[in-house]
file data_10.txt (compact mmCIF, C-alpha atoms)
# COMPACT_ATOMS: atom_id res chain seq x y z
CA MET X 1492 107.26 140.77 117.34
CA ASN X 1493 109.54 137.98 116.19
CA VAL X 1494 112.14 138.50 113.49
CA VAL X 1495 114.60 136.06 111.95
CA ALA X 1496 118.19 136.67 110.97
CA LEU X 1497 120.74 134.93 108.78
CA GLU X 1498 124.47 135.44 108.63
CA VAL X 1499 125.75 133.96 105.38
CA GLY X 1500 129.42 132.99 105.53
CA GLY X 1501 131.76 131.07 103.28
CA ALA X 1502 131.58 127.96 105.46
CA TYR X 1503 128.26 128.21 107.29
CA ILE X 1504 124.91 129.96 107.23
CA LYS X 1505 123.97 130.86 110.79
CA GLY X 1506 120.36 131.56 111.62
CA CYS X 1507 118.39 132.66 114.65
CA ALA X 1508 115.12 134.19 115.76
CA LEU X 1509 114.81 137.24 118.01
CA GLY X 1510 111.74 138.10 120.04
CA SER X 1511 110.70 141.35 121.67
CA ASP X 1512 112.43 140.16 124.87
CA GLY X 1513 115.82 140.49 123.14
CA ILE X 1514 116.78 136.82 123.51
CA LEU X 1515 118.19 134.88 120.55
CA ARG X 1516 116.34 131.61 119.98
CA ASP X 1517 115.97 128.88 117.40
CA ARG X 1518 119.66 128.93 116.57
CA GLU X 1519 120.56 126.97 113.47
CA ARG X 1520 123.60 126.37 111.31
CA TRP X 1521 123.79 124.99 107.80
CA PHE X 1522 126.71 124.36 105.45
CA THR X 1523 127.00 127.04 102.75
CA ARG X 1524 128.82 124.85 100.18
CA PRO X 1525 129.76 127.70 97.82
CA GLU X 1526 131.34 125.24 95.37
CA ARG X 1527 127.80 124.55 94.11
CA GLY X 1528 127.68 127.99 92.52
CA PRO X 1529 126.15 131.38 93.43
CA ASP X 1530 122.56 130.56 92.46
CA ALA X 1531 122.56 127.38 94.57
CA VAL X 1532 123.89 129.32 97.55
CA LEU X 1533 121.14 131.91 97.19
CA GLU X 1534 118.51 129.18 96.94
CA THR X 1535 119.80 127.64 100.17
CA VAL X 1536 119.73 131.02 101.91
CA LEU X 1537 116.11 131.57 100.86
CA GLU X 1538 115.09 128.09 101.99
CA CYS X 1539 116.78 128.50 105.37
CA ALA X 1540 115.17 131.91 105.89
CA ALA X 1541 111.74 130.55 104.97
CA THR X 1542 112.09 127.62 107.37
CA LEU X 1543 113.05 129.89 110.28
CA ALA X 1544 110.39 132.47 109.45
CA HIS X 1545 107.62 129.88 109.34
CA ARG X 1546 108.74 128.21 112.56
CA SER X 1547 109.11 131.49 114.42
CA ARG X 1548 106.06 133.24 112.98
CA ALA X 1549 108.34 136.10 112.00
CA VAL X 1550 107.20 139.46 110.71
CA ALA X 1551 110.52 140.56 109.21
CA ALA X 1552 113.94 139.15 108.32
CA GLY X 1553 117.52 140.34 108.28
CA ILE X 1554 120.24 138.88 106.07
CA VAL X 1555 123.91 139.87 106.27
CA VAL X 1556 126.81 138.76 104.07
CA PRO X 1557 130.55 139.37 103.73
CA GLY X 1558 132.31 141.38 101.04
CA VAL X 1559 131.23 144.66 99.48
CA VAL X 1560 127.57 145.36 100.22
CA ASP X 1561 125.38 148.15 98.89
CA ASP X 1562 122.96 148.74 101.77
CA THR X 1563 120.87 151.19 99.72
CA SER X 1564 120.10 148.88 96.80
CA GLY X 1565 120.15 145.70 98.90
CA SER X 1566 122.74 144.05 96.67
CA ALA X 1567 125.85 142.01 97.29
CA VAL X 1568 128.24 143.93 95.03
CA LEU X 1569 131.04 141.44 95.56
CA ALA X 1570 130.95 138.53 98.00
CA GLY X 1571 133.87 136.45 96.78
CA ALA X 1572 133.44 133.71 99.37
CA LEU X 1573 129.90 133.11 98.06
CA GLY X 1574 130.57 133.67 94.37
CA TRP X 1575 128.13 136.58 94.36
CA ARG X 1576 128.56 139.62 92.10
CA GLY X 1577 125.78 142.17 91.82
CA MET X 1578 123.31 139.81 93.51
CA PRO X 1579 120.03 141.63 94.44
CA VAL X 1580 119.54 139.60 97.59
CA ARG X 1581 117.13 141.85 99.44
CA GLY X 1582 114.59 142.06 96.64
CA TRP X 1583 114.56 138.34 95.96
CA ALA X 1584 114.39 137.47 99.65
CA ALA X 1585 111.51 139.89 100.29
CA GLU X 1586 109.57 138.38 97.38
CA HIS X 1587 110.31 134.81 98.48
CA LEU X 1588 109.42 135.40 102.14
CA ASP X 1589 106.61 137.90 101.52
CA MET X 1590 107.83 140.15 104.33
CA PRO X 1591 110.15 143.12 104.84
CA VAL X 1592 113.83 142.11 104.57
CA ALA X 1593 116.79 144.12 105.84
CA PHE X 1594 120.08 143.44 104.08
CA GLY X 1595 123.57 144.44 105.13
CA HIS X 1596 127.19 143.63 105.76
CA ASP X 1597 127.98 140.93 108.31
CA VAL X 1598 130.74 142.72 110.21
CA ARG X 1599 128.98 146.08 110.24
CA ALA X 1600 125.91 144.29 111.61
CA GLY X 1601 128.11 142.75 114.29
CA GLY X 1602 129.43 146.19 115.15
CA LEU X 1603 125.88 147.49 115.45
CA ALA X 1604 124.94 144.67 117.85
CA GLU X 1605 127.98 145.25 120.03
CA ALA X 1606 127.37 149.02 120.03
CA ARG X 1607 123.73 148.78 121.09
CA LEU X 1608 123.75 145.81 123.42
CA GLY X 1609 127.23 144.34 123.69
CA ALA X 1610 130.83 145.05 124.65
CA GLY X 1611 130.90 148.45 122.93
CA ARG X 1612 127.74 149.93 124.41
CA ALA X 1613 129.70 152.26 126.73
CA SER X 1614 132.07 153.44 123.98
CA ARG X 1615 131.47 156.06 121.30
CA ASN X 1616 134.53 155.19 119.22
CA PHE X 1617 135.52 151.56 118.78
CA LEU X 1618 136.46 148.97 116.20
CA PHE X 1619 134.59 145.71 115.99
CA VAL X 1620 136.85 143.08 114.43
CA SER X 1621 135.55 139.69 113.35
CA VAL X 1622 138.07 136.88 112.86
CA GLY X 1623 136.61 133.76 111.30
CA THR X 1624 136.40 132.45 107.74
CA GLY X 1625 137.21 136.01 106.76
CA ILE X 1626 138.52 139.01 108.68
CA GLY X 1627 136.64 142.28 108.69
CA ALA X 1628 136.25 145.39 110.80
CA ALA X 1629 133.50 147.88 111.53
CA TRP X 1630 134.30 151.36 112.81
CA VAL X 1631 131.65 152.60 115.21
CA LEU X 1632 131.78 156.36 115.70
CA ASP X 1633 129.31 158.17 117.97
CA GLY X 1634 127.14 155.08 118.01
CA ARG X 1635 126.92 154.79 114.20
CA VAL X 1636 128.69 152.26 111.98
CA VAL X 1637 130.72 153.94 109.22
CA PRO X 1638 130.07 152.10 105.91
CA GLY X 1639 132.54 154.00 103.74
CA SER X 1640 132.14 154.71 100.04
CA ARG X 1641 129.86 152.17 98.33
CA GLY X 1642 129.87 150.00 101.43
CA GLY X 1643 133.53 149.11 101.06
CA ALA X 1644 134.89 150.09 104.49
CA GLY X 1645 136.38 147.62 106.93
CA GLU X 1646 138.11 145.07 104.68
CA LEU X 1647 140.83 144.54 107.28
CA GLY X 1648 141.52 141.02 106.02
CA HIS X 1649 142.82 142.43 102.76
CA LEU X 1650 145.49 144.63 104.25
CA VAL X 1651 148.78 143.27 102.93
CA VAL X 1652 150.90 142.18 105.88
CA ARG X 1653 153.28 139.93 103.93
CA PRO X 1654 154.10 141.46 100.50
CA GLY X 1655 154.48 138.82 97.81
CA GLY X 1656 153.02 136.16 100.10
CA GLU X 1657 150.33 133.56 99.52
CA LEU X 1658 147.65 134.28 96.92
CA CYS X 1659 144.38 135.51 98.46
CA HIS X 1660 140.94 134.84 96.97
CA CYS X 1661 140.66 138.60 96.39
CA GLY X 1662 143.52 138.36 93.88
CA GLY X 1663 146.14 139.99 96.08
CA ARG X 1664 149.10 138.37 97.77
CA GLY X 1665 150.05 138.37 101.42
CA CYS X 1666 146.67 139.59 102.72
CA LEU X 1667 145.98 139.20 106.43
CA GLU X 1668 143.32 136.56 105.68
CA THR X 1669 145.95 134.25 104.16
CA ILE X 1670 147.68 134.11 107.55
CA ALA X 1671 145.22 134.80 110.36
CA SER X 1672 141.77 133.66 109.21
CA SER X 1673 140.38 130.44 110.63
CA PRO X 1674 140.88 128.45 107.40
CA ALA X 1675 144.42 129.80 107.05
CA VAL X 1676 145.55 128.67 110.51
CA GLY X 1677 143.87 125.30 110.02
CA HIS X 1678 145.54 124.74 106.65
CA ARG X 1679 148.95 125.77 107.95
CA TYR X 1680 148.67 123.38 110.90
CA SER X 1681 147.64 120.58 108.54
CA ARG X 1682 150.62 121.21 106.26
CA LEU X 1683 153.01 121.06 109.19
CA THR X 1684 151.54 118.09 111.04
CA LYS X 1685 149.53 116.14 108.42
CA TRP X 1686 146.50 116.37 110.74
CA ARG X 1687 143.40 117.02 108.66
CA GLY X 1688 140.22 118.85 109.55
CA VAL X 1689 141.52 120.68 112.62
CA GLU X 1690 139.40 123.82 112.99
CA ALA X 1691 140.52 127.05 114.61
CA GLY X 1692 138.79 126.41 117.95
CA GLU X 1693 140.50 123.04 118.32
CA LEU X 1694 143.80 124.58 117.29
CA TYR X 1695 143.54 127.13 120.12
CA HIS X 1696 142.88 124.30 122.59
CA ARG X 1697 145.89 122.37 121.32
CA ALA X 1698 148.09 125.43 121.64
CA ASP X 1699 146.96 125.96 125.24
CA ALA X 1700 147.58 122.27 125.96
CA GLY X 1701 151.24 122.54 124.90
CA ASP X 1702 151.19 121.58 121.21
CA THR X 1703 154.27 123.47 119.99
CA VAL X 1704 153.23 123.48 116.33
CA ALA X 1705 149.76 124.77 117.18
CA ARG X 1706 151.34 127.43 119.38
CA ALA X 1707 153.66 128.54 116.58
CA VAL X 1708 150.79 128.75 114.08
CA CYS X 1709 148.67 130.76 116.54
CA THR X 1710 151.58 133.09 117.31
CA GLU X 1711 152.14 133.77 113.62
CA ALA X 1712 148.46 134.57 113.16
CA VAL X 1713 148.35 136.85 116.20
CA GLU X 1714 151.44 138.77 115.09
CA ALA X 1715 149.95 139.31 111.63
CA LEU X 1716 146.62 140.43 113.11
CA ALA X 1717 148.41 142.80 115.49
CA ALA X 1718 150.29 144.36 112.57
CA ALA X 1719 147.02 145.05 110.75
CA LEU X 1720 145.33 146.35 113.89
CA ALA X 1721 148.25 148.70 114.56
CA THR X 1722 147.54 150.31 111.19
CA ALA X 1723 143.81 150.54 112.00
CA VAL X 1724 144.51 152.06 115.43
CA THR X 1725 146.83 154.64 113.90
CA LEU X 1726 144.17 155.65 111.39
CA CYS X 1727 141.04 155.56 113.57
CA ALA X 1728 142.34 156.04 117.16
CA PRO X 1729 139.63 153.89 118.77
CA ASP X 1730 139.42 153.66 122.54
CA LEU X 1731 138.31 150.03 122.31
CA LEU X 1732 138.76 146.95 120.13
CA VAL X 1733 135.95 144.40 120.30
CA ILE X 1734 137.05 141.05 118.91
CA GLY X 1735 134.35 138.79 117.50
CA GLY X 1736 134.12 135.68 115.36
CA GLU X 1737 135.86 132.48 116.37
CA LEU X 1738 138.78 134.34 117.95
CA GLY X 1739 136.49 136.44 120.16
CA ASP X 1740 134.51 133.33 121.04
CA ALA X 1741 137.71 131.76 122.40
CA GLY X 1742 137.56 134.11 125.42
CA ARG X 1743 139.62 136.75 127.17
CA GLY X 1744 142.64 134.49 127.69
CA ARG X 1745 143.10 134.05 123.95
CA LEU X 1746 143.16 137.84 123.50
CA ALA X 1747 146.04 138.48 125.94
CA PRO X 1748 148.75 137.66 123.35
CA LEU X 1749 146.99 139.94 120.85
CA ARG X 1750 146.98 142.83 123.35
CA ASP X 1751 150.71 142.32 123.98
CA ALA X 1752 151.59 142.07 120.28
CA LEU X 1753 149.60 145.21 119.51
CA ALA X 1754 151.16 147.17 122.38
CA ARG X 1755 154.66 146.33 121.09
CA ARG X 1756 153.82 147.90 117.74
CA LEU X 1757 152.33 151.14 119.01
CA THR X 1758 154.53 154.07 119.98
CA PHE X 1759 152.76 157.43 120.34
CA GLN X 1760 149.28 155.98 119.80
CA ALA X 1761 146.99 155.39 122.77
CA ILE X 1762 146.66 151.64 123.34
CA PRO X 1763 142.99 150.68 123.14
CA GLU X 1764 141.32 148.24 125.47
CA VAL X 1765 140.74 144.82 123.88
CA LEU X 1766 137.57 142.90 124.76
CA PRO X 1767 135.81 139.81 123.40
CA ALA X 1768 132.47 140.39 121.70
CA ALA X 1769 129.53 139.98 124.06
CA PHE X 1770 127.71 137.85 121.47
CA GLY X 1771 130.73 135.74 120.51
CA ASP X 1772 130.44 134.40 116.98
CA ARG X 1773 126.75 135.40 116.87
CA SER X 1774 127.30 139.18 116.79
CA ALA X 1775 126.46 139.40 113.10
CA CYS X 1776 123.29 137.34 113.58
CA MET X 1777 122.18 139.62 116.40
CA GLY X 1778 122.96 142.64 114.26
CA ALA X 1779 120.92 141.24 111.37
CA ALA X 1780 118.01 140.74 113.76
CA LEU X 1781 118.30 144.34 114.97
CA LEU X 1782 118.27 145.55 111.36
CA ALA X 1783 115.10 143.52 110.81
CA GLN X 1784 113.48 145.03 113.91
CA ASP X 1785 114.41 148.55 112.78
CA LEU X 1786 112.94 147.93 109.34
CA ARG X 1787 109.74 146.51 110.78
CA ARG X 1788 109.27 149.61 112.94
CA GLU X 1789 109.82 151.86 109.90
CA VAL X 1790 107.28 149.93 107.83
CA THR X 1791 104.74 149.98 110.67
CA ALA X 1792 105.21 153.72 111.26
CA ALA X 1793 104.91 154.62 107.56
call {"tool": "encode", "arguments": {"input": "data_10.txt", "output": "structure tokens"}}
result
Amino acid sequence: MNVVALEVGGAYIKGCALGSDGILRDRERWFTRPERGPDAVLETVLECAATLAHRSRAVAAGIVVPGVVDDTSGSAVLAGALGWRGMPVRGWAAEHLDMPVAFGHDVRAGGLAEARLGAGRASRNFLFVSVGTGIGAAWVLDGRVVPGSRGGAGELGHLVVRPGGELCHCGGRGCLETIASSPAVGHRYSRLTKWRGVEAGELYHRADAGDTVARAVCTEAVEALAAALATAVTLCAPDLLVIGGELGDAGRGRLAPLRDALARRLTFQAIPEVLPAAFGDRSACMGAALLAQDLRREVTAA
């Protein structure tokens, strides 16, 4: 029983197919290009899903997106990075693909994947944190992802860590995403060095290789992320932090400074273990595939 999954981000659309053996195959990546407008982005998503579904002979699909997601209605309430407001993605995708479509939030899907099969499978209370184009968190409690009211839980990237700071696309100022997201660290490095097009992964390599500017930019991002995580740890008391996205994909060595920065901020709170996501920057894709499998089983059993 093959299913296909798409993670729709502000920079890329990541796709994959998942078979009954649990192995991700047919991995693809396309540019999102949100500047074309919300309808064009949706059209691209539908075309990518159709291509994967046909090639993989899929029986169901899963699509996950950032922002505020209404899992019940299958709508993207607000996905600012995509220009989507009240977009009924699930219904349109199901009609276009002529198959059952599961629709959800990208980070919560990543948390589901890590809870069932990944770094959080031995924990009943952990936070999955994805650091990439955006920054989000999923709280997994007793094996279930907590969505919050109207699907709005986990917007870690919009915690204000620098009041009055840089304007965020959400309309606030000084949000974590303006300092620690992948685009933010790349832009800051470019402003300081005049190097253009340096992505987060390359920036981490430069920092490890002794580039002092890259190291300073990374340190600033880590300190900001640690400040936000200290708040999350105080509120949720997780026994584990699973770091995904591009930061998690950088490996355990990249997480050591984050552990140290977090420990310095905590006093009475228990310091959680910090691990990279087992699926790296594909946690959300795996989660979308699991949602598709779950839906297919429900439809078959009905």
call {"tool": "residues_around", "arguments": {"input": "data_10.txt", "residues": "Ala1775 (chain X)", "least_positions_apart": "5", "cutoff": "8 Å", "atoms": "only C-alpha atoms", "output": "mmCIF file with C-alpha atoms, keeping the file's coordinate frame"}}
result
data_model
loop_
_atom_site.group_PDB
_atom_site.id
_atom_site.type_symbol
_atom_site.label_atom_id
_atom_site.label_comp_id
_atom_site.auth_asym_id
_atom_site.auth_seq_id
_atom_site.Cartn_x
_atom_site.Cartn_y
_atom_site.Cartn_z
ATOM 1 C CA GLU X 1498 124.470 135.440 108.630
ATOM 2 C CA VAL X 1555 123.910 139.870 106.270
ATOM 3 C CA ASP X 1597 127.980 140.930 108.310
ATOM 4 C CA VAL X 1598 130.740 142.720 110.210
ATOM 5 C CA ARG X 1599 128.980 146.080 110.240
ATOM 6 C CA ALA X 1600 125.910 144.290 111.610
ATOM 7 C CA GLY X 1601 128.110 142.750 114.290
ATOM 8 C CA GLY X 1602 129.430 146.190 115.150
ATOM 9 C CA ALA X 1604 124.940 144.670 117.850
#
call {"tool": "residues_around", "arguments": {"input": "data_10.txt", "residues": "region 1630-1647 of chain X", "least_positions_apart": "4", "cutoff": "10 Å", "atoms": "only C-alpha atoms", "output": "PyMOL selection string"}}
result
chain X and resi 1557-1563+1567-1569+1595-1596+1598-1603+1605-1607+1611-1622+1625-1626+1651+1666-1668+1716+1719-1720+1722-1723+1727+1729+1732
call {"tool": "atom_distance", "arguments": {"input": "data_10.txt", "atom1": "CA of Arg1653 (chain X)", "atom2": "CA of Ala1712 (chain X)"}}
result
11.7 Å
call {"tool": "atom_distance", "arguments": {"input": "data_10.txt", "atom1": "CA of Gly1735 (chain X)", "atom2": "CA of Thr1758 (chain X)"}}
result
25.4 Å
call {"tool": "atom_distance", "arguments": {"input": "data_10.txt", "atom1": "CA of Ala1496 (chain X)", "atom2": "CA of Leu1509 (chain X)"}}
result
7.8 Å
call {"tool": "residues_around", "arguments": {"input": "data_10.txt", "residues": "region 1534-1547 of chain X", "least_positions_apart": "3", "cutoff": "10 Å", "atoms": "all atoms listed in the file", "output": "PyMOL selection string"}}
result
chain X and resi 1492-1499+1504-1510+1516-1524+1529-1531+1550-1554+1580+1583-1585+1587-1590
call {"tool": "closest_residue", "arguments": {"input": "data_10.txt", "among": "X:Gln1784, X:His1696, X:Gly1701, X:Asp1730", "to": "Arg1745 (chain X)", "atoms": "all atoms listed in the file"}}
result
X:His1696
call {"tool": "closest_residue", "arguments": {"input": "data_10.txt", "among": "X:Ser1566, X:Thr1624, X:Gln1760, X:Thr1791", "to": "Ala1675 (chain X)", "atoms": "all atoms listed in the file"}}
result
X:Thr1624
call {"tool": "residues_around", "arguments": {"input": "data_10.txt", "residues": "Cys1709 (chain X)", "least_positions_apart": "5", "cutoff": "9 Å", "atoms": "all atoms listed in the file", "output": "list in words"}}
result
Ala1671, Val1676, Leu1694, Tyr1695, Ala1698, Val1704 and Glu1714 of chain X
call {"tool": "closest_residue", "arguments": {"input": "data_10.txt", "among": "X:Ala1502, X:Val1708, X:Leu1533, X:Ala1593", "to": "Arg1581 (chain X)", "atoms": "only C-alpha atoms"}}
result
X:Ala1593
call {"tool": "closest_residue", "arguments": {"input": "data_10.txt", "among": "X:Met1777, X:Ile1514, X:Ala1728, X:Leu1658", "to": "Ile1762 (chain X)", "atoms": "only C-alpha atoms"}}
result
X:Ala1728
call {"tool": "closest_residue", "arguments": {"input": "data_10.txt", "among": "X:Glu1586, X:His1649, X:Gly1609, X:Gly1656", "to": "Gly1778 (chain X)", "atoms": "only C-alpha atoms"}}
result
X:Gly1609
call {"tool": "closest_residue", "arguments": {"input": "data_10.txt", "among": "X:Ala1700, X:Ala1717, X:Val1733, X:Ala1570", "to": "Asp1772 (chain X)", "atoms": "all atoms listed in the file"}}
result
X:Val1733
call {"tool": "decode", "arguments": {"input": "data_10.txt", "residues": "region 1747-1758 of chain X", "atoms": "all heavy atoms", "output": "short mmCIF file (atom, residue, chain, number, x, y, z; two decimals), in the first residue's frame"}}
result
data_model
loop_
_atom_site.label_atom_id
_atom_site.label_comp_id
_atom_site.auth_asym_id
_atom_site.auth_seq_id
_atom_site.Cartn_x
_atom_site.Cartn_y
_atom_site.Cartn_z
N ALA X 1747 25.25 20.63 20.56
CA ALA X 1747 25.95 20.80 21.84
C ALA X 1747 25.88 22.24 22.34
O ALA X 1747 25.58 22.46 23.53
CB ALA X 1747 27.39 20.33 21.71
N PRO X 1748 26.14 23.25 21.50
CA PRO X 1748 26.01 24.63 22.00
C PRO X 1748 24.60 24.98 22.44
O PRO X 1748 24.40 25.76 23.37
CB PRO X 1748 26.43 25.48 20.78
CG PRO X 1748 27.26 24.57 19.95
CD PRO X 1748 26.66 23.21 20.12
N LEU X 1749 23.59 24.38 21.78
CA LEU X 1749 22.21 24.64 22.17
C LEU X 1749 21.93 24.05 23.55
O LEU X 1749 21.28 24.68 24.39
CB LEU X 1749 21.26 24.04 21.13
CG LEU X 1749 19.77 24.18 21.42
CD1 LEU X 1749 19.36 25.65 21.51
CD2 LEU X 1749 18.94 23.47 20.34
N ARG X 1750 22.42 22.82 23.78
CA ARG X 1750 22.24 22.21 25.11
C ARG X 1750 22.84 23.10 26.19
O ARG X 1750 22.23 23.34 27.23
CB ARG X 1750 22.91 20.84 25.15
CG ARG X 1750 22.28 19.75 24.32
CD ARG X 1750 22.93 18.41 24.64
NE ARG X 1750 22.57 17.39 23.67
CZ ARG X 1750 23.29 17.09 22.58
NH1 ARG X 1750 24.43 17.74 22.35
NH2 ARG X 1750 22.90 16.15 21.75
N ASP X 1751 24.07 23.59 25.94
CA ASP X 1751 24.77 24.41 26.93
C ASP X 1751 24.02 25.72 27.17
O ASP X 1751 23.86 26.15 28.32
CB ASP X 1751 26.19 24.70 26.47
CG ASP X 1751 27.06 23.46 26.40
OD1 ASP X 1751 26.68 22.44 27.03
OD2 ASP X 1751 28.10 23.49 25.71
N ALA X 1752 23.57 26.36 26.10
CA ALA X 1752 22.87 27.64 26.23
C ALA X 1752 21.55 27.46 26.97
O ALA X 1752 21.15 28.32 27.77
CB ALA X 1752 22.64 28.25 24.85
N LEU X 1753 20.87 26.36 26.73
CA LEU X 1753 19.61 26.08 27.42
C LEU X 1753 19.87 25.82 28.90
O LEU X 1753 19.15 26.34 29.77
CB LEU X 1753 18.92 24.89 26.76
CG LEU X 1753 17.62 24.42 27.41
CD1 LEU X 1753 16.57 25.52 27.38
CD2 LEU X 1753 17.10 23.16 26.70
N ALA X 1754 20.88 25.01 29.19
CA ALA X 1754 21.18 24.68 30.59
C ALA X 1754 21.51 25.93 31.40
O ALA X 1754 21.16 26.02 32.59
CB ALA X 1754 22.35 23.69 30.64
N ARG X 1755 22.17 26.91 30.80
CA ARG X 1755 22.51 28.14 31.51
C ARG X 1755 21.27 28.94 31.89
O ARG X 1755 21.31 29.72 32.86
CB ARG X 1755 23.43 29.02 30.65
CG ARG X 1755 24.83 28.49 30.48
CD ARG X 1755 25.77 29.58 29.96
NE ARG X 1755 25.34 30.12 28.67
CZ ARG X 1755 25.70 29.63 27.50
NH1 ARG X 1755 26.51 28.55 27.45
NH2 ARG X 1755 25.29 30.18 26.37
N ARG X 1756 20.20 28.76 31.16
CA ARG X 1756 18.98 29.54 31.40
C ARG X 1756 18.02 28.87 32.38
O ARG X 1756 17.10 29.53 32.88
CB ARG X 1756 18.26 29.79 30.07
CG ARG X 1756 18.94 30.85 29.24
CD ARG X 1756 18.38 30.89 27.82
NE ARG X 1756 18.85 32.06 27.09
CZ ARG X 1756 20.07 32.17 26.58
NH1 ARG X 1756 20.93 31.17 26.71
NH2 ARG X 1756 20.44 33.27 25.95
N LEU X 1757 18.19 27.59 32.60
CA LEU X 1757 17.28 26.88 33.48
C LEU X 1757 17.82 26.85 34.90
O LEU X 1757 19.02 26.69 35.11
CB LEU X 1757 17.07 25.45 32.96
CG LEU X 1757 16.45 25.34 31.56
CD1 LEU X 1757 16.34 23.88 31.14
CD2 LEU X 1757 15.10 26.03 31.49
N THR X 1758 16.93 27.00 35.86
CA THR X 1758 17.34 27.00 37.27
C THR X 1758 16.74 25.78 37.98
O THR X 1758 17.40 24.76 38.14
CB THR X 1758 16.91 28.30 37.94
OG1 THR X 1758 15.49 28.51 37.74
CG2 THR X 1758 17.68 29.49 37.37
#
